[in-house]
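Note: the block below is entry_5.cif and it holds mmCIF, C-alpha atoms and all ligand atoms.
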```cif
data_target
loop_
_atom_site.label_atom_id
_atom_site.label_comp_id
_atom_site.auth_asym_id
_atom_site.auth_seq_id
_atom_site.Cartn_x
_atom_site.Cartn_y
_atom_site.Cartn_z
CA MET A 130 14.47 129.16 53.67
CA MET A 131 11.44 128.66 55.91
CA GLY A 132 8.18 130.48 55.72
CA SER A 133 7.11 132.36 58.80
CA ARG A 134 4.10 130.20 59.66
CA ALA A 135 5.69 127.02 60.89
CA SER A 136 8.83 125.00 61.40
CA GLU A 137 10.18 122.94 58.45
CA THR A 138 10.50 119.92 60.69
CA PRO A 139 6.97 118.62 60.98
CA ALA A 140 5.82 117.80 64.49
CA THR A 141 4.73 114.29 63.63
CA THR A 142 5.00 110.92 65.26
CA GLY A 143 5.91 109.55 61.83
CA SER A 144 4.15 106.31 62.63
CA ASP A 145 1.29 106.14 60.14
CA ASP A 146 -1.49 108.24 58.66
CA VAL A 147 -3.89 107.38 61.47
CA THR A 148 -1.75 108.42 64.43
CA SER A 149 0.33 111.18 62.81
CA PRO A 150 -1.17 114.59 63.54
CA TYR A 151 -0.21 115.65 60.02
CA HIS A 152 -1.44 112.46 58.30
CA VAL A 153 1.92 111.51 56.77
CA PRO A 154 2.69 107.79 56.38
CA ALA A 155 5.96 106.76 58.02
CA GLU A 156 7.53 105.64 54.73
CA LEU A 157 7.17 109.17 53.35
CA MET A 158 8.99 110.86 56.22
CA PRO A 159 12.41 110.62 54.48
CA VAL A 160 10.85 112.55 51.59
CA VAL A 161 9.68 115.27 53.96
CA THR A 162 13.09 115.44 55.64
CA SER A 163 15.03 115.74 52.37
CA LEU A 164 12.62 118.20 50.75
CA THR A 165 12.66 120.49 53.75
CA SER A 166 16.43 120.36 54.31
CA PRO A 167 17.61 123.96 54.24
CA GLU A 168 21.15 122.98 53.11
CA ARG A 169 20.25 120.99 50.02
CA ARG A 170 16.72 120.08 48.99
CA TYR A 171 16.37 116.73 47.27
CA LEU A 172 13.92 113.92 46.69
CA PRO A 173 14.92 110.27 46.97
CA LEU A 174 14.89 108.87 43.46
CA TRP A 175 12.42 106.10 44.31
CA TYR A 176 9.81 108.77 45.07
CA LEU A 177 9.67 109.70 41.38
CA TYR A 178 8.28 106.26 40.58
CA ASP A 179 4.74 105.94 41.83
CA THR A 180 2.41 103.84 39.67
CA ARG A 181 1.70 106.70 37.24
CA GLY A 182 5.37 107.72 37.13
CA SER A 183 6.34 104.10 36.40
CA GLU A 184 3.79 103.81 33.59
CA LEU A 185 4.89 107.10 32.00
CA CYS A 186 8.55 106.19 32.35
CA GLU A 187 8.10 102.77 30.76
CA GLU A 188 6.29 104.24 27.77
CA MET A 189 8.87 106.97 27.28
CA ILE A 190 12.01 104.83 27.57
CA GLN A 191 10.70 102.31 25.06
CA THR A 192 9.54 104.84 22.45
CA SER A 193 11.93 107.80 22.76
CA LYS A 194 14.17 108.51 19.79
CA SER A 195 16.80 110.30 21.87
CA TYR A 196 16.81 108.27 25.13
CA LYS A 197 18.40 105.09 23.80
CA LEU A 198 19.49 103.38 26.98
CA TRP A 199 16.54 100.94 27.05
CA LYS A 200 17.10 99.98 23.39
CA HIS A 201 20.86 99.55 23.88
CA GLU A 202 20.38 97.18 26.77
CA TYR A 203 17.53 95.37 25.03
CA SER A 204 19.72 94.71 21.98
CA ILE A 205 22.47 93.20 24.17
CA LEU A 206 20.02 91.01 26.07
CA GLN A 207 18.35 89.92 22.83
CA THR A 208 21.69 88.63 21.55
CA HIS A 209 23.01 87.24 24.85
CA ALA A 210 20.00 86.12 26.91
CA ASP A 211 20.99 82.47 26.43
CA ASP A 212 24.57 83.18 27.53
CA ILE A 213 23.23 84.92 30.63
CA ALA A 214 20.75 82.14 31.41
CA SER A 215 23.55 79.58 31.10
CA LYS A 216 25.44 81.27 33.95
CA VAL A 217 23.28 79.55 36.57
CA SER A 218 22.34 75.90 36.83
CA SER A 219 18.81 74.70 37.47
CA PRO A 220 16.47 75.53 39.07
CA ALA A 221 17.14 79.16 39.78
CA VAL A 222 15.64 82.19 41.44
CA LEU A 223 15.74 85.24 39.19
CA VAL A 224 15.87 88.50 41.17
CA ASP A 225 15.37 91.82 39.36
CA LEU A 226 16.41 94.91 41.35
CA GLY A 227 14.36 97.97 40.35
CA SER A 228 12.36 95.73 38.05
CA ALA A 229 9.68 98.24 37.00
CA ALA A 230 7.76 96.52 34.15
CA SER A 231 10.54 93.91 33.67
CA SER A 232 10.20 94.59 29.94
CA LYS A 233 13.82 93.63 29.14
CA THR A 234 13.88 90.95 31.81
CA ARG A 235 11.33 89.02 29.74
CA LEU A 236 14.22 88.03 27.46
CA ILE A 237 16.07 86.44 30.38
CA ILE A 238 12.90 84.80 31.70
CA GLU A 239 12.29 83.20 28.28
CA ALA A 240 15.89 81.98 28.02
CA MET A 241 15.82 80.53 31.55
CA LEU A 242 12.43 78.85 31.09
CA LYS A 243 13.89 76.95 28.12
CA ARG A 244 16.26 75.31 30.61
CA HIS A 245 14.40 74.92 33.90
CA ALA A 246 11.68 76.20 36.22
CA VAL A 247 12.08 79.79 37.33
CA THR A 248 10.86 81.72 40.34
CA PHE A 249 10.97 85.42 39.57
CA VAL A 250 11.35 87.98 42.36
CA PRO A 251 10.92 91.54 41.04
CA VAL A 252 12.14 94.06 43.64
CA ASP A 253 10.91 97.64 43.40
CA THR A 254 9.54 100.38 45.62
CA ALA A 255 6.68 100.80 43.10
CA LYS A 256 4.86 97.91 44.82
CA GLU A 257 1.46 98.09 43.11
CA PHE A 258 3.05 98.54 39.71
CA ILE A 259 5.27 95.42 39.98
CA GLU A 260 2.38 93.38 41.37
CA THR A 261 0.29 94.25 38.30
CA CYS A 262 3.23 93.52 35.98
CA GLY A 263 3.91 90.26 37.85
CA ARG A 264 0.36 89.01 37.28
CA GLN A 265 0.76 89.74 33.55
CA LEU A 266 4.07 87.84 33.48
CA GLU A 267 2.44 84.80 35.06
CA ARG A 268 -0.31 84.92 32.42
CA ASP A 269 2.26 85.23 29.64
CA TYR A 270 4.64 82.52 30.86
CA PRO A 271 3.02 79.31 32.14
CA GLY A 272 5.56 77.71 34.46
CA LEU A 273 6.81 81.02 35.81
CA THR A 274 6.18 81.79 39.46
CA VAL A 275 6.32 85.49 40.32
CA GLU A 276 6.84 86.64 43.90
CA PRO A 277 7.03 90.46 43.87
CA PHE A 278 8.90 92.19 46.67
CA GLY A 279 7.72 95.77 47.15
CA GLY A 280 10.57 97.55 48.92
CA PHE A 281 14.13 98.86 48.76
CA TYR A 282 16.93 97.22 46.79
CA MET A 283 18.93 95.84 49.71
CA ASP A 284 15.86 94.59 51.57
CA GLY A 285 14.98 92.70 48.39
CA VAL A 286 18.52 91.28 48.14
CA ARG A 287 18.43 90.08 51.77
CA HIS A 288 14.92 88.69 51.30
CA SER A 289 16.06 86.73 48.22
CA ALA A 290 19.32 85.56 49.81
CA ALA A 291 17.32 83.96 52.61
CA ARG A 292 15.64 81.62 50.11
CA SER A 293 17.21 78.36 49.05
CA GLY A 294 18.35 77.91 45.46
CA ILE A 295 20.87 79.48 43.12
CA LYS A 296 20.24 83.15 42.37
CA LEU A 297 20.64 85.14 39.19
CA LEU A 298 20.53 88.74 40.35
CA LEU A 299 19.79 91.44 37.77
CA PHE A 300 20.41 95.17 38.16
CA LEU A 301 19.48 96.55 34.75
CA GLY A 302 18.68 99.92 33.20
CA SER A 303 21.92 101.43 34.54
CA SER A 304 19.98 101.84 37.79
CA LEU A 305 23.21 101.57 39.81
CA GLY A 306 23.98 104.99 38.30
CA ASN A 307 20.91 106.40 40.08
CA VAL A 308 22.24 105.24 43.45
CA SER A 309 24.09 108.01 45.22
CA ILE A 310 27.72 107.87 44.06
CA ARG A 311 28.93 107.66 47.67
CA GLU A 312 26.77 104.57 48.29
CA GLN A 313 27.55 102.50 45.19
CA LEU A 314 30.65 100.69 46.44
CA LYS A 315 29.02 99.89 49.79
CA MET A 316 25.90 98.63 48.04
CA LEU A 317 27.86 96.31 45.74
CA GLN A 318 29.92 95.03 48.68
CA GLU A 319 26.70 94.26 50.54
CA ILE A 320 25.26 92.50 47.50
CA ARG A 321 28.48 90.49 47.19
CA ALA A 322 28.22 89.48 50.85
CA GLN A 323 24.72 88.08 50.25
CA LEU A 324 25.70 85.90 47.27
CA THR A 325 27.09 82.37 47.25
CA ASP A 326 29.79 81.12 44.85
CA GLN A 327 27.27 79.72 42.36
CA ASP A 328 25.14 82.87 42.20
CA ARG A 329 25.72 85.46 39.49
CA PHE A 330 25.14 89.21 39.37
CA ILE A 331 24.20 90.79 36.02
CA LEU A 332 24.76 94.53 35.94
CA GLY A 333 23.77 96.81 33.02
CA VAL A 334 25.53 100.18 32.82
CA ASP A 335 25.45 103.14 30.49
CA MET A 336 28.84 104.22 29.13
CA ASN A 337 27.74 107.14 26.97
CA THR A 338 29.67 110.29 27.86
CA ASP A 339 28.78 112.37 24.82
CA ARG A 340 27.40 115.61 26.23
CA GLU A 341 25.25 116.45 23.21
CA THR A 342 23.44 113.11 23.00
CA LEU A 343 23.03 113.09 26.79
CA SER A 344 21.46 116.57 26.78
CA GLN A 345 18.93 115.31 24.23
CA ALA A 346 18.32 112.06 26.10
CA TYR A 347 17.68 113.90 29.37
CA GLY A 348 15.76 116.80 27.86
CA ASP A 349 12.17 118.03 27.91
CA GLN A 350 10.63 114.60 27.32
CA TRP A 351 11.15 113.94 31.05
CA ILE A 352 9.06 116.95 32.13
CA PRO A 353 5.69 115.11 32.24
CA ILE A 354 7.30 112.43 34.44
CA TRP A 355 9.96 114.11 36.55
CA ARG A 356 8.28 117.47 36.97
CA ASP A 357 4.52 117.30 36.41
CA ASN A 358 3.80 113.85 37.84
CA LEU A 359 6.29 114.40 40.64
CA ILE A 360 4.70 117.70 41.67
CA SER A 361 1.23 116.13 41.48
CA ARG A 362 2.45 113.39 43.80
CA LEU A 363 3.95 115.89 46.25
CA ASN A 364 0.71 117.89 46.25
CA MET A 365 -1.37 114.77 46.78
CA ASP A 366 0.82 113.19 49.48
CA PHE A 367 1.40 116.38 51.47
CA GLY A 368 -1.57 118.59 50.57
CA GLY A 369 0.72 120.96 48.67
CA ASP A 370 -0.10 123.86 46.38
CA MET A 371 3.02 123.60 44.18
CA ASN A 372 2.44 124.89 40.66
CA HIS A 373 4.42 122.82 38.14
CA GLU A 374 4.65 125.83 35.78
CA MET A 375 6.68 127.57 38.49
CA PHE A 376 9.47 124.97 38.38
CA ALA A 377 11.95 124.42 35.55
CA PHE A 378 13.54 121.06 34.70
CA ASN A 379 17.36 121.20 34.47
CA PHE A 380 20.03 118.98 32.94
CA ASP A 381 23.76 119.16 33.63
CA PHE A 382 26.63 116.81 32.85
CA VAL A 383 29.63 116.54 35.17
CA GLU A 384 32.59 115.04 33.38
CA ASN A 385 35.24 113.35 35.51
CA SER A 386 38.66 112.13 34.45
CA ALA A 387 38.44 108.91 32.47
CA ASP A 388 41.53 107.70 34.40
CA GLY A 389 40.01 108.08 37.87
CA ASP A 390 37.55 105.76 39.63
CA THR A 391 34.74 108.33 39.83
CA PRO A 392 32.42 108.08 36.82
CA SER A 393 31.01 111.07 34.99
CA TYR A 394 27.38 111.75 35.72
CA VAL A 395 24.19 113.46 34.61
CA GLN A 396 22.64 115.75 37.18
CA LEU A 397 18.92 116.52 36.98
CA SER A 398 16.93 118.91 39.13
CA LEU A 399 13.93 121.18 39.34
CA SER A 400 14.52 124.87 40.00
CA SER A 401 12.17 127.50 41.29
CA SER A 402 11.17 130.04 38.63
CA GLY A 403 11.34 133.06 40.91
CA LYS A 404 10.94 133.54 44.63
CA GLN A 405 7.86 131.70 45.86
CA ARG A 406 6.18 130.20 48.92
CA VAL A 407 4.65 126.74 48.76
CA HIS A 408 2.21 125.54 51.42
CA PHE A 409 1.91 121.89 52.46
CA GLU A 410 -1.34 121.52 54.37
CA LYS A 411 -0.74 117.98 55.64
CA LEU A 412 2.69 118.97 56.97
CA GLY A 413 1.53 122.23 58.47
CA ILE A 414 4.46 124.08 56.86
CA ASP A 415 5.41 126.57 54.18
CA ILE A 416 8.61 126.33 52.17
CA ASP A 417 10.04 129.54 50.78
CA PHE A 418 12.03 128.92 47.58
CA ARG A 419 14.64 131.41 46.44
CA ASP A 420 14.79 132.26 42.75
CA ASP A 421 16.50 129.34 40.95
CA GLU A 422 16.70 127.27 44.15
CA ARG A 423 17.08 123.58 43.27
CA ILE A 424 15.27 120.43 44.21
CA HIS A 425 17.77 117.70 43.34
CA PHE A 426 16.78 114.17 42.33
CA ASN A 427 19.09 112.32 44.64
CA GLU A 428 20.87 112.50 47.94
CA GLY A 429 24.23 112.47 46.16
CA PRO A 430 25.34 114.72 43.30
CA ASN A 431 24.51 112.22 40.54
CA THR A 432 21.18 111.37 38.96
CA SER A 433 22.70 108.97 36.42
CA CYS A 434 26.33 107.79 36.26
CA LYS A 435 28.21 107.08 33.03
CA TRP A 436 31.13 104.72 33.50
CA ASN A 437 33.95 103.59 31.26
CA MET A 438 35.17 99.99 31.22
CA LYS A 439 38.17 100.67 33.47
CA GLN A 440 35.99 102.34 36.10
CA LEU A 441 33.44 99.52 35.90
CA HIS A 442 36.08 96.82 36.39
CA SER A 443 37.65 98.73 39.25
CA LEU A 444 34.28 99.09 40.98
CA ALA A 445 33.56 95.38 40.52
CA GLU A 446 36.94 94.34 41.91
CA ARG A 447 36.76 96.67 44.90
CA SER A 448 33.33 95.20 45.67
CA GLY A 449 34.65 91.64 45.80
CA PHE A 450 33.53 90.50 42.36
CA ALA A 451 35.38 88.97 39.42
CA VAL A 452 34.28 89.65 35.86
CA ASP A 453 32.83 86.42 34.50
CA ALA A 454 31.68 87.81 31.13
CA GLN A 455 30.74 91.09 29.51
CA TRP A 456 28.80 92.14 26.45
CA THR A 457 28.58 95.56 24.78
CA ASN A 458 26.31 96.96 22.06
CA ASP A 459 27.38 97.85 18.51
CA GLU A 460 28.03 101.49 19.44
CA ASP A 461 30.15 100.32 22.40
CA ASN A 462 28.38 102.69 24.77
CA TYR A 463 26.41 100.23 26.89
CA CYS A 464 27.69 97.22 28.82
CA VAL A 465 26.04 94.24 30.46
CA ILE A 466 28.52 92.57 32.76
CA CYS A 467 28.26 89.22 34.55
CA LEU A 468 29.96 89.28 37.96
CA ALA A 469 30.92 86.28 40.05
CA PRO A 470 31.67 86.42 43.78
CA ALA A 471 35.44 86.45 44.28
CA GLY A 472 37.14 85.85 47.61
CA VAL A 473 35.97 87.77 50.62
CA SER A 474 34.24 91.13 50.18
CA LYS A 475 36.60 93.96 51.11
CA PRO A 476 35.48 96.20 53.95
CA THR A 477 33.94 99.56 53.11
CA VAL A 478 36.34 102.47 53.06
C1 LIG B 501 15.63 103.41 35.95
S1 LIG B 501 14.23 102.41 36.41
C2 LIG B 501 14.79 100.87 35.74
C3 LIG B 501 13.68 99.95 35.36
C4 LIG B 501 14.07 98.64 34.71
N1 LIG B 501 14.97 97.84 35.53
C5 LIG B 501 14.70 98.87 33.37
O1 LIG B 501 15.87 98.52 33.20
O2 LIG B 501 14.04 99.36 32.46
C6 LIG B 501 14.53 102.24 38.14
C7 LIG B 501 13.48 101.44 38.92
O3 LIG B 501 13.98 101.25 40.24
C8 LIG B 501 13.01 101.57 41.21
N2 LIG B 501 13.74 102.10 42.37
C9 LIG B 501 14.37 103.29 42.46
N3 LIG B 501 15.02 103.39 43.64
C10 LIG B 501 14.79 102.23 44.30
C11 LIG B 501 15.21 101.70 45.56
N4 LIG B 501 16.02 102.41 46.36
N5 LIG B 501 14.81 100.46 45.91
C12 LIG B 501 13.99 99.74 45.09
N6 LIG B 501 13.56 100.18 43.89
C13 LIG B 501 13.96 101.40 43.50
C14 LIG B 501 12.08 102.55 40.56
O4 LIG B 501 10.77 102.47 41.11
C15 LIG B 501 12.13 102.12 39.08
O5 LIG B 501 11.10 101.23 38.78
#
```

Structure rendered as structure tokens:
Amino acid sequence: MMGSRASETPATTGSDDVTSPYHVPAELMPVVTSLTSPERRYLPLWYLYDTRGSELCEEMIQTSKSYKLWKHEYSILQTHADDIASKVSSPAVLVDLGSAASSKTRLIIEAMLKRHAVTFVPVDTAKEFIETCGRQLERDYPGLTVEPFGGFYMDGVRHSAARSGIKLLLFLGSSLGNVSIREQLKMLQEIRAQLTDQDRFILGVDMNTDRETLSQAYGDQWIPIWRDNLISRLNMDFGGDMNHEMFAFNFDFVENSADGDTPSYVQLSLSSSGKQRVHFEKLGIDIDFRDDERIHFNEGPNTSCKWNMKQLHSLAERSGFAVDAQWTNDEDNYCVICLAPAGVSKPTV
């Protein structure tokens, strides 16, 4: 609910921080719109990953004892990087959607470089972070050309598709599961439409649906990243006075039928600890939070989807892909799947 001092819709041109009366860059306007929505407050997931958020996240996912997704995918790539590299002929463009530090992608880069020259296009909204990581990759791998694309997934896909050369497109870290559940099919169909017959799409997905291990994986270790750093960013970007101690971090797991097409998913959110008013100086607004009112971490209900193999295959087929190969870890709860364009992409339903 709105505070009495101003409207929740900021009177801004939304153009840039020079011309906007409230000094909000145009690219942050979707964040303002979703945070101030009276029906359902949420933050786009990309907003959680500024440079500091990306650094904290990378450190946590590699070292955590309970969040094992990074290690599961790493172990599969370690064993099968050569198989994956062999899926495209030389020379190839390697595109990494939501690349972050590309820490697991290094395994694919090494396997590809054994065969031919590689141009690497990391795609991520955390532009400065991937540019820094890209410079390190070029130092570490002579012969590798890195051309970072700071922007959204599909802009990066279109940007890469416009280049000549065969593409190996990676979407690792189960990041598809962070895309709003209503958008996933459409996104995969659009990716399919941008690929040629010789291109391949490597998708890594989490298949763990054990509530207990998930509640540990998505527990308090995320608070420094997805509460404290996030609130610091909101305060900095919008001149806010949010107090991170006044927001709790919440985990929930929504289990869907294993027989249906809709995967189960983890839902994460912040909730207001009591009734409170937050002021955002640069927006010229107050937001009144009810006790326990949520700020969700996505437009859709899901923060992180957990598929089973049947659901994964169904999604791939409905998107216009055929399964070329698939690899799972020892525990059988993580899958890396290689998809090949098949026929004509079906229209979105
Ligand atoms: C879960 S992390 C995965 C990182 C890495 N691929 C891995 O497997 O460890 C998701 C990454 O995607 C980026 N990201 C999130 N939403 C995005 C979007 N809509 N477009 C581009 N990048 C996005 C984030 O900045 C973050 O670096």

(request) List the neighbours of range 199-210 of chain A out to 7 Å using all atoms listed in the file; skip same-chain residues closer than 3 positions along the sequence, and give me the result as a PyMOL selection string. (result) chain A and resi 190-191+213-214+233+236-237+240+302+456-458+463

(request) Could you tell me which of A:Leu412, A:Gly272, A:Phe278, A:Arg406 comes closest to Thr162 in chain A if we count only C-alpha atoms? (result)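 With only C-alpha atoms as the atom set, the closest residue is A:Leu412.
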
(request) Could I get the residue neighbourhood of ligand LIG 501 (chain B) at 8 Å, counting all atoms listed in the file, as a count of residues only? (result) 40

(message) So that I can see what lies close to Ile352 in chain A, please list as a ChimeraX atom specification the residues with an atom at most 12 Å from it, counting all atoms listed in the file and leaving out residues fewer than 3 positions away in the same chain.
(response) /A:177,182,185-186,189,347-349,355-360,373-374,376-380,397-399

(request) Could you tell me how far CA of Val250 in chain A lies from CA of Val222 in chain A, in Å and to one decimal? (result)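 Here the two named atoms are 7.3 Å from each other.
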
(request) Write out as JSON, numbers by chain which residues come within 9 Å of Lys296 in chain A when counting all atoms listed in the file, dropping same-chain ones fewer than 4 positions away. (result) {"A": [217, 221, 222, 223, 224, 289, 290, 324, 325, 327, 328, 329, 330]}

(request) Can you work out which one of A:Asp366, A:Asn337, A:Pro159, A:Ala346 has the shortest atom-to-atom distance to Met438 in chain A, counting all atoms listed in the file? (result) A:Asn337

(message) At a cut-off of 9 Å, using only C-alpha atoms, what residues contact Thr338 in chain A? Leave out same-chain residues fewer than 5 positions from it and give the result as a list in words.
(response)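 Once the adjacent positions are removed, what remains is Leu343, Phe382, Glu384, Ser393, Tyr394, Lys435, Trp436, Asn437 and Asn462 of chain A.
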
(message) If I take CA of Cys464 in chain A and CA of Gln318 in chain A, how far is one from the other in Å, to one decimal?
(response)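 We find that CA of Cys464 in chain A and CA of Gln318 in chain A lie 20.1 Å from each other.
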
(message) Using Å and a single decimal, report how far CA of Thr261 in chain A sits from CA of Ile466 in chain A.
(response)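 Taking CA of Ile466 in chain A as the start and CA of Thr261 in chain A as the end point, the length is 28.8 Å.
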
Distance query Ala291 in chain A at most 9 Å, all atoms listed in the file, self and fewer than 4 positions along chain excluded, as a CSV table (one decimal) with C-alpha atoms, keeping the file's coordinate frame:
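See result-v3.csv below for the written result:
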```csv
chain,number,residue,atom,x,y,z
A,286,VAL,CA,18.5,91.3,48.1
A,287,ARG,CA,18.4,90.1,51.8
A,323,GLN,CA,24.7,88.1,50.2
```

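Minimum atom-to-atom distance to Gly306 in chain A, evaluated using only C-alpha atoms, belongs to A:Val395 out of A:Ala387, A:Leu164, A:Ile238, A:Val395.
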
(message) When you count all atoms listed in the file, which of these residues is closest to Arg181 in chain A: A:Ile416, A:Leu266, A:Ile424, A:Ile354?
(response)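 Going through A:Ile416, A:Leu266, A:Ile424, A:Ile354 one by one, the smallest distance to Arg181 in chain A is for A:Ile354.
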
Centre and edge lengths, as JSON, for the axis-aligned box enclosing every listed atom of range 441-460 of chain A with 8 Å of padding on each of the six sides, in Å to one decimal?
```
{"center_x": 32.0, "center_y": 94.0, "center_z": 32.2, "size_x": 27.3, "size_y": 31.1, "size_z": 43.3}
```
